[in-house]
Amino acid sequence: MSRIVEEVSTASGSDYSNSWISWFLSSKGNEYFCEVEEDYILDRFNLTGLNTEVQHYAQALDMITDNLDEEIQDDLRGNLDLQARLLYGLIHARWIVTARGLAKMLEKYKRADFGRCPRVLCQSQPLLPVGLTDVPYEKSVKLYCGRCEDIYSPKSSRHGSIDGAYFGTSFPHLLFLVYPNLIPPKAGPVEFGLPGRGGDIEGSRRSRRAREEESQAEGVGEGASTAAVALKADRYRPRIFGFQVNEIAKLQRWQEAVRDRQVARLEELEGNAA
């Protein structure tokens, strides 16, 4: 939040010379966003219900569409800019699940603008942004890997501070539903893009170190039960508009059954060793 306030306070009138949306998209840390077409924003049907979630809704909308009165006070302008960011983010979450929005995000996905999976066996699979909730100010954005079906935190702190509600819980899974040919295989090379292995290997090392430090912080040390650690793991469950994806749900039920058998075997081995 402090970063946003700092950026707003240093913005001048010339920053908005082209348009507010162009300025917003060109700001550092907003690389995950795509441009929402103006006709979509101006269609009030697409914004139904957002007036209850955004303060000074009408003025924030005027700011996004470059229709704000220039005589507005500077102290109010700073607050309006924060509300305009919130409004644009919530509109963005709705836009990227439309046909045109999915097409724009698909281009970014193919360029791996959201980064690549740090797991070695995923072979630099491009990631997709996803929210853990559709309610703003609750969870930051995560990155979903379609190959290992797990989520990761962005490497950049700027990206890590983006609200997950600006992308919603359905986007990546709806993208693969609309473009089934893009569903990554569970093994084999990535079908598009160049891997860029050097940076990804280093990212994998950093991710592994972070997981080790997190485990130590939670008290998971050498004396902890392996079965207990396995049971603590919480799985990410892909959903589209609140409903679990059918094929993935079936696969996860099978995977969890296998995990339960492995945990039972671990408990038996640990019991015999004791």
# chains A, B, ... in the order shown; residues from 1 in each chain; ligands from 1
>>> residues_around(residues="A:His92", least_positions_apart="4", cutoff="7 Å", atoms="only C-alpha atoms", output="list in words")
Val36, Tyr88, Ile96, Tyr166 and Phe167 of chain A
>>> select_by_dssp(residues="stretch 15-96 of chain A", states="helix (DSSP H, G or I)", output="MDAnalysis selection string")
chainID A and resid 15:16 20:26 38:42 44:47 50:52 57:64 74:95
>>> write_last_selection(atoms="C-alpha atoms", output="compact mmCIF listing (two decimals), in the first residue's frame")
# COMPACT_ATOMS: atom_id res chain seq x y z
CA ASP A 15 1.73 11.19 -16.63
CA TYR A 16 -1.89 11.06 -17.76
CA TRP A 20 -5.06 6.85 -17.32
CA ILE A 21 -5.14 3.21 -18.45
CA SER A 22 -1.93 3.63 -20.49
CA TRP A 23 -0.22 5.24 -17.50
CA PHE A 24 -1.44 2.46 -15.19
CA LEU A 25 -0.28 -0.36 -17.48
CA SER A 26 3.13 1.24 -17.99
CA GLU A 38 -12.92 1.15 -23.29
CA ASP A 39 -16.24 0.01 -24.74
CA TYR A 40 -16.31 -2.78 -22.15
CA ILE A 41 -15.75 -0.26 -19.33
CA LEU A 42 -18.39 2.13 -20.67
CA ARG A 44 -22.55 -0.20 -17.31
CA PHE A 45 -23.96 -3.75 -17.40
CA ASN A 46 -20.40 -5.08 -17.12
CA LEU A 47 -19.87 -3.05 -13.93
CA LEU A 50 -18.99 -2.59 -8.34
CA ASN A 51 -20.47 0.67 -7.07
CA THR A 52 -20.91 -0.99 -3.66
CA TYR A 57 -17.33 5.08 -7.67
CA ALA A 58 -18.56 7.64 -10.24
CA GLN A 59 -15.46 9.81 -9.94
CA ALA A 60 -13.13 6.79 -10.02
CA LEU A 61 -14.82 5.63 -13.21
CA ASP A 62 -14.44 9.13 -14.68
CA MET A 63 -10.73 9.00 -13.85
CA ILE A 64 -10.29 5.64 -15.60
CA ASP A 74 -5.21 17.44 -5.09
CA ASP A 75 -5.83 15.74 -1.73
CA LEU A 76 -8.97 14.09 -3.11
CA ARG A 77 -7.19 13.17 -6.34
CA GLY A 78 -4.73 10.91 -4.45
CA ASN A 79 -7.56 8.98 -2.80
CA LEU A 80 -9.42 8.80 -6.09
CA ASP A 81 -6.39 7.28 -7.78
CA LEU A 82 -6.33 4.48 -5.21
CA GLN A 83 -10.04 3.88 -5.79
CA ALA A 84 -9.51 3.99 -9.56
CA ARG A 85 -6.84 1.28 -9.23
CA LEU A 86 -9.27 -0.85 -7.22
CA LEU A 87 -12.07 -0.29 -9.74
CA TYR A 88 -9.84 -1.08 -12.72
CA GLY A 89 -8.60 -4.24 -10.99
CA LEU A 90 -12.13 -5.48 -10.35
CA ILE A 91 -13.15 -4.67 -13.93
CA HIS A 92 -10.00 -6.44 -15.12
CA ALA A 93 -11.03 -9.62 -13.27
CA ARG A 94 -14.31 -9.63 -15.19
CA TRP A 95 -12.73 -8.68 -18.52
>>> atom_distance(atom1="atom CA of A:Lys139", atom2="atom CA of A:Ser124")
25.4 Å
>>> residues_around(residues="A:Ile240", least_positions_apart="5", cutoff="12 Å", atoms="only C-alpha atoms", output="ChimeraX atom specification")
/A:97,130-134,168-178,245-246,248-249
>>> select_by_dssp(residues="stretch 28-154 of chain A", states="strand (DSSP E or B)", output="number ranges by chain")
A: 116, 126-130, 140, 142-145, 151-152
>>> atom_distance(atom1="atom CA of A:Ala112", atom2="atom CA of A:Ala99")
19.9 Å
>>> closest_residue(among="A:Gln55, A:Asn18, A:Thr98, A:Gln125", to="A:Tyr144", atoms="only C-alpha atoms")
A:Gln125
